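Structure record follows, encoded as structure tokens.
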Number of protein chains: 2
Amino acid sequence: MVVSLDGEQDVFGAISHPARRQMLDLLVEADRSVNTIAGHFQMSRPAVSQHLRILLDAGLVTEQRHGRERRYRLVPQRLGPVREWIAHYERFWDDHLQRLQKQLSKRSKE
Amino acid sequence: MVVSLDGEQDVFGAISHPARRQMLDLLVEADRSVNTIAGHFQMSRPAVSQHLRILLDAGLVTEQRHGRERRYRLVPQRLGPVREWIAHYERFWDDHLQRLQKQLSKRSKE
DNA sequence: TTTACATGTAAGTGTTTGCTTACGTATATT
DNA sequence: AATATACGTAAGCAAACACTTACATGTAAA
């Protein structure tokens, strides 16, 4: 993972670890506390905290304090850079081609 | 970057480095030799080779030998895992919401 | 007001990255 | 045949990663 100059915001680096992607996936369903999240992993709780910190630094999640627990919340808009980058390749997707093909075949039938 | 058990195929790790993303972007336009690619970067040519090796291991590019040069070719389908993962979040995109809103306002006008 | 709980942070460690320079190898050119 | 070109690979190294255990802090419960 390449740390950017401000030491933050590296979304691509943040999602490069499968555990962190899985954490984001968990947070799609609902905000969750660290312990709840940690329950889904085998690594130690501090390790989970550290991963969450990376997600936080990347802006992919936010923290809410609720009493003595902290709930993490997904910030899906921060996945924008990934989505935009991948969109450059849209013309290559199979279903895009299929859509084109369908349109073409439809046109040829008309 | 987390190396999978077979030591390969880690697409998310492969695209986590900005230089590697830029290399893929270059290869969208055309197949290119290592030197051509290296011309776009400040790092040494061997460093570029090493990045290309990572892309190759991830299946994101292929090699073609042409005389004494090797041309690298994009394999865009291998970006599928990224696209699929990001698609899980589609409901959160602004334009998705905008599309929904448009539909709703259209419906309310009818 | 002790005690338990939820969590972050520090320190330590082995492993992996990302880069460099030096060198090896195959193909073209002269 | 000798040389130049286009690469890959090896070795070395500083920095970053990913994890662990131990500890600090703040809040809730007894």
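As shown in the structure tokens, the chain order sets the letters A, B, ...; within each chain, residues go from 1, and ligands are also counted from 1 in the order they appear.
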Apply DSSP to the backbone of this structure and, from range 34-74 of chain B, keep only the residues in strand (DSSP E or B); write these as a PyMOL selection string.
chain B and resi 61-66+69-74
Counting only C-alpha atoms (C1' of nucleotides), which residues in chain D sit no more than 9 Å from chain B? For each one, give the nearest pair of atoms and the distance in Å, sorted by chain then residue number, as CSV.
```
residue,atom,partner,partner_atom,distance
D:DT5,C1',B:Arg68,CA,7.8
D:DA6,C1',B:Glu69,CA,5.4
D:DC7,C1',B:Glu69,CA,6.7
D:DG8,C1',B:Ser49,CA,7.6
D:DC17,C1',B:Met1,CA,8.4
```
With C-alpha atoms (C1' of nucleotides) kept, could you save the residues just selected as an mmCIF file, in the first residue's frame?
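See again20.cif below for the written result:
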```cif
data_model
loop_
_atom_site.group_PDB
_atom_site.id
_atom_site.type_symbol
_atom_site.label_atom_id
_atom_site.label_comp_id
_atom_site.auth_asym_id
_atom_site.auth_seq_id
_atom_site.Cartn_x
_atom_site.Cartn_y
_atom_site.Cartn_z
ATOM 1 C "C1'" DT D 5 19.522 -3.441 -27.691
ATOM 2 C "C1'" DA D 6 15.632 -5.093 -24.905
ATOM 3 C "C1'" DC D 7 14.624 -7.112 -21.607
ATOM 4 C "C1'" DG D 8 14.487 -10.352 -17.053
ATOM 5 C "C1'" DC D 17 2.662 -4.077 6.506
#
```
Go through B:Ile15, B:Ala38, B:Ala58, B:Met43 and flag the residue nearest chain C, using only C-alpha atoms (C1' of nucleotides) for the distances.
B:Met43
Show me which bits of chain C are within 8 Å of chain B, counting only C-alpha atoms (C1' of nucleotides), as JSON, numbers by chain.
{"C": [16, 18, 19, 20, 26, 27, 28]}
Could those selected residues go to a file with N, CA and C atoms (P, O5', C5', C4', C3', O3' and C1' of nucleotides), as a PDB file, in the first residue's frame?
```
ATOM      1  P    DT C  16       6.081 -13.202   3.217  1.00  0.00           P
ATOM      2  O5'  DT C  16       5.854 -11.781   2.547  1.00  0.00           O
ATOM      3  C5'  DT C  16       4.769 -10.992   3.007  1.00  0.00           C
ATOM      4  C4'  DT C  16       4.877  -9.598   2.449  1.00  0.00           C
ATOM      5  C3'  DT C  16       5.190  -9.533   0.950  1.00  0.00           C
ATOM      6  O3'  DT C  16       4.174  -8.751   0.376  1.00  0.00           O
ATOM      7  C1'  DT C  16       6.590  -8.070   2.158  1.00  0.00           C
ATOM      8  P    DG C  18       4.325  -2.243  -3.585  1.00  0.00           P
ATOM      9  O5'  DG C  18       5.730  -1.520  -3.791  1.00  0.00           O
ATOM     10  C5'  DG C  18       6.071  -0.431  -2.953  1.00  0.00           C
ATOM     11  C4'  DG C  18       7.440   0.074  -3.339  1.00  0.00           C
ATOM     12  C3'  DG C  18       7.680   0.140  -4.857  1.00  0.00           C
ATOM     13  O3'  DG C  18       8.186   1.422  -5.166  1.00  0.00           O
ATOM     14  C1'  DG C  18       9.433  -1.026  -3.804  1.00  0.00           C
ATOM     15  P    DC C  19       8.279   1.884  -6.649  1.00  0.00           P
ATOM     16  O5'  DC C  19       9.847   1.816  -6.904  1.00  0.00           O
ATOM     17  C5'  DC C  19      10.657   2.827  -6.343  1.00  0.00           C
ATOM     18  C4'  DC C  19      12.004   2.290  -5.946  1.00  0.00           C
ATOM     19  C3'  DC C  19      12.984   2.023  -7.087  1.00  0.00           C
ATOM     20  O3'  DC C  19      13.530   3.246  -7.552  1.00  0.00           O
ATOM     21  C1'  DC C  19      13.234   0.504  -5.251  1.00  0.00           C
ATOM     22  P    DT C  20      14.340   3.292  -8.901  1.00  0.00           P
ATOM     23  O5'  DT C  20      15.803   2.840  -8.452  1.00  0.00           O
ATOM     24  C5'  DT C  20      16.484   3.562  -7.414  1.00  0.00           C
ATOM     25  C4'  DT C  20      17.707   2.772  -6.969  1.00  0.00           C
ATOM     26  C3'  DT C  20      18.630   2.381  -8.113  1.00  0.00           C
ATOM     27  O3'  DT C  20      19.734   3.283  -8.177  1.00  0.00           O
ATOM     28  C1'  DT C  20      18.190   0.505  -6.690  1.00  0.00           C
ATOM     29  P    DA C  26      19.538 -17.601 -23.504  1.00  0.00           P
ATOM     30  O5'  DA C  26      18.572 -17.049 -24.644  1.00  0.00           O
ATOM     31  C5'  DA C  26      17.323 -16.459 -24.276  1.00  0.00           C
ATOM     32  C4'  DA C  26      17.060 -15.292 -25.190  1.00  0.00           C
ATOM     33  C3'  DA C  26      17.288 -15.610 -26.675  1.00  0.00           C
ATOM     34  O3'  DA C  26      16.118 -15.239 -27.383  1.00  0.00           O
ATOM     35  C1'  DA C  26      18.362 -13.592 -26.068  1.00  0.00           C
ATOM     36  P    DT C  27      15.896 -15.793 -28.846  1.00  0.00           P
ATOM     37  O5'  DT C  27      15.976 -14.475 -29.732  1.00  0.00           O
ATOM     38  C5'  DT C  27      15.101 -13.403 -29.411  1.00  0.00           C
ATOM     39  C4'  DT C  27      15.674 -12.133 -29.956  1.00  0.00           C
ATOM     40  C3'  DT C  27      15.929 -12.147 -31.472  1.00  0.00           C
ATOM     41  O3'  DT C  27      15.232 -11.053 -32.022  1.00  0.00           O
ATOM     42  C1'  DT C  27      17.745 -11.205 -30.328  1.00  0.00           C
ATOM     43  P    DA C  28      14.931 -11.004 -33.586  1.00  0.00           P
ATOM     44  O5'  DA C  28      15.863  -9.819 -34.120  1.00  0.00           O
ATOM     45  C5'  DA C  28      15.498  -8.508 -33.981  1.00  0.00           C
ATOM     46  C4'  DA C  28      16.748  -7.665 -33.909  1.00  0.00           C
ATOM     47  C3'  DA C  28      17.343  -7.274 -35.267  1.00  0.00           C
ATOM     48  O3'  DA C  28      17.088  -5.892 -35.453  1.00  0.00           O
ATOM     49  C1'  DA C  28      19.033  -7.833 -33.674  1.00  0.00           C
TER      50       DA C  28
END
```
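Residues in contact with Phe12 in chain A at 8 Å, where only C-alpha atoms (C1' of nucleotides) are counted and same-chain residues fewer than 4 positions away are skipped, are listed as Met1, Ser16 and Val82 of chain A; Phe12, Ile15, Ser16 and His17 of chain B.
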At most 9 Å to chain A: residues in chain B, only C-alpha atoms, as a PDB file with C-alpha atoms, in the first residue's frame:
```
ATOM      1  CA  MET B   1      -0.631  -6.460  -0.803  1.00  0.00           C
ATOM      2  CA  VAL B   2      -1.715  -9.850   0.422  1.00  0.00           C
ATOM      3  CA  ASP B  10      -4.345 -10.819  -6.193  1.00  0.00           C
ATOM      4  CA  VAL B  11      -6.014  -8.298  -8.451  1.00  0.00           C
ATOM      5  CA  PHE B  12      -6.816  -5.864  -5.656  1.00  0.00           C
ATOM      6  CA  GLY B  13      -3.217  -5.910  -4.515  1.00  0.00           C
ATOM      7  CA  ALA B  14      -2.018  -5.473  -8.069  1.00  0.00           C
ATOM      8  CA  ILE B  15      -4.069  -2.330  -8.646  1.00  0.00           C
ATOM      9  CA  SER B  16      -3.252  -0.860  -5.254  1.00  0.00           C
ATOM     10  CA  HIS B  17      -0.144   0.849  -6.596  1.00  0.00           C
ATOM     11  CA  PRO B  18      -0.757   3.995  -8.629  1.00  0.00           C
ATOM     12  CA  ARG B  21      -2.912   1.450 -12.424  1.00  0.00           C
ATOM     13  CA  ASP B  25      -4.327   2.766 -18.309  1.00  0.00           C
ATOM     14  CA  VAL B  28      -5.935   0.425 -22.720  1.00  0.00           C
ATOM     15  CA  PRO B  76      -9.506  -6.286 -18.928  1.00  0.00           C
ATOM     16  CA  GLN B  77     -11.718  -9.215 -17.953  1.00  0.00           C
ATOM     17  CA  LEU B  79     -10.659  -6.573 -13.537  1.00  0.00           C
ATOM     18  CA  GLY B  80     -13.931  -8.412 -13.082  1.00  0.00           C
ATOM     19  CA  VAL B  82     -12.985  -5.400  -8.701  1.00  0.00           C
ATOM     20  CA  ARG B  83     -15.971  -4.495 -10.755  1.00  0.00           C
ATOM     21  CA  TRP B  85     -17.064  -6.094  -5.625  1.00  0.00           C
ATOM     22  CA  ILE B  86     -17.729  -2.451  -6.285  1.00  0.00           C
ATOM     23  CA  ALA B  87     -21.077  -3.346  -7.804  1.00  0.00           C
ATOM     24  CA  HIS B  88     -22.264  -4.448  -4.358  1.00  0.00           C
ATOM     25  CA  TYR B  89     -22.274  -0.794  -3.447  1.00  0.00           C
ATOM     26  CA  PHE B  92     -25.185   3.986  -2.803  1.00  0.00           C
ATOM     27  CA  TRP B  93     -24.023   5.841  -5.865  1.00  0.00           C
ATOM     28  CA  ASP B  94     -25.318   9.285  -6.367  1.00  0.00           C
TER      29      ASP B  94
END
```
Which residues are near DA4 in chain C? Cut-off 12 Å, only C-alpha atoms (C1' of nucleotides), ignore same chain within fewer than 5 positions. Put them as a PyMOL selection string.
(chain A and resi 68) or (chain D and resi 27-30)
C-alpha atoms (C1' of nucleotides) of the current selection, written as a PDB file, in the first residue's frame:
```pdb
ATOM      1  CA  ARG A  68     -18.136   2.925  25.657  1.00  0.00           C
TER       2      ARG A  68
ATOM      3  C1'  DT D  27     -17.315   4.731  30.142  1.00  0.00           C
ATOM      4  C1'  DA D  28     -20.756   1.681  32.416  1.00  0.00           C
ATOM      5  C1'  DA D  29     -22.141  -1.396  36.040  1.00  0.00           C
ATOM      6  C1'  DA D  30     -21.817  -3.357  40.873  1.00  0.00           C
TER       7       DA D  30
END
```
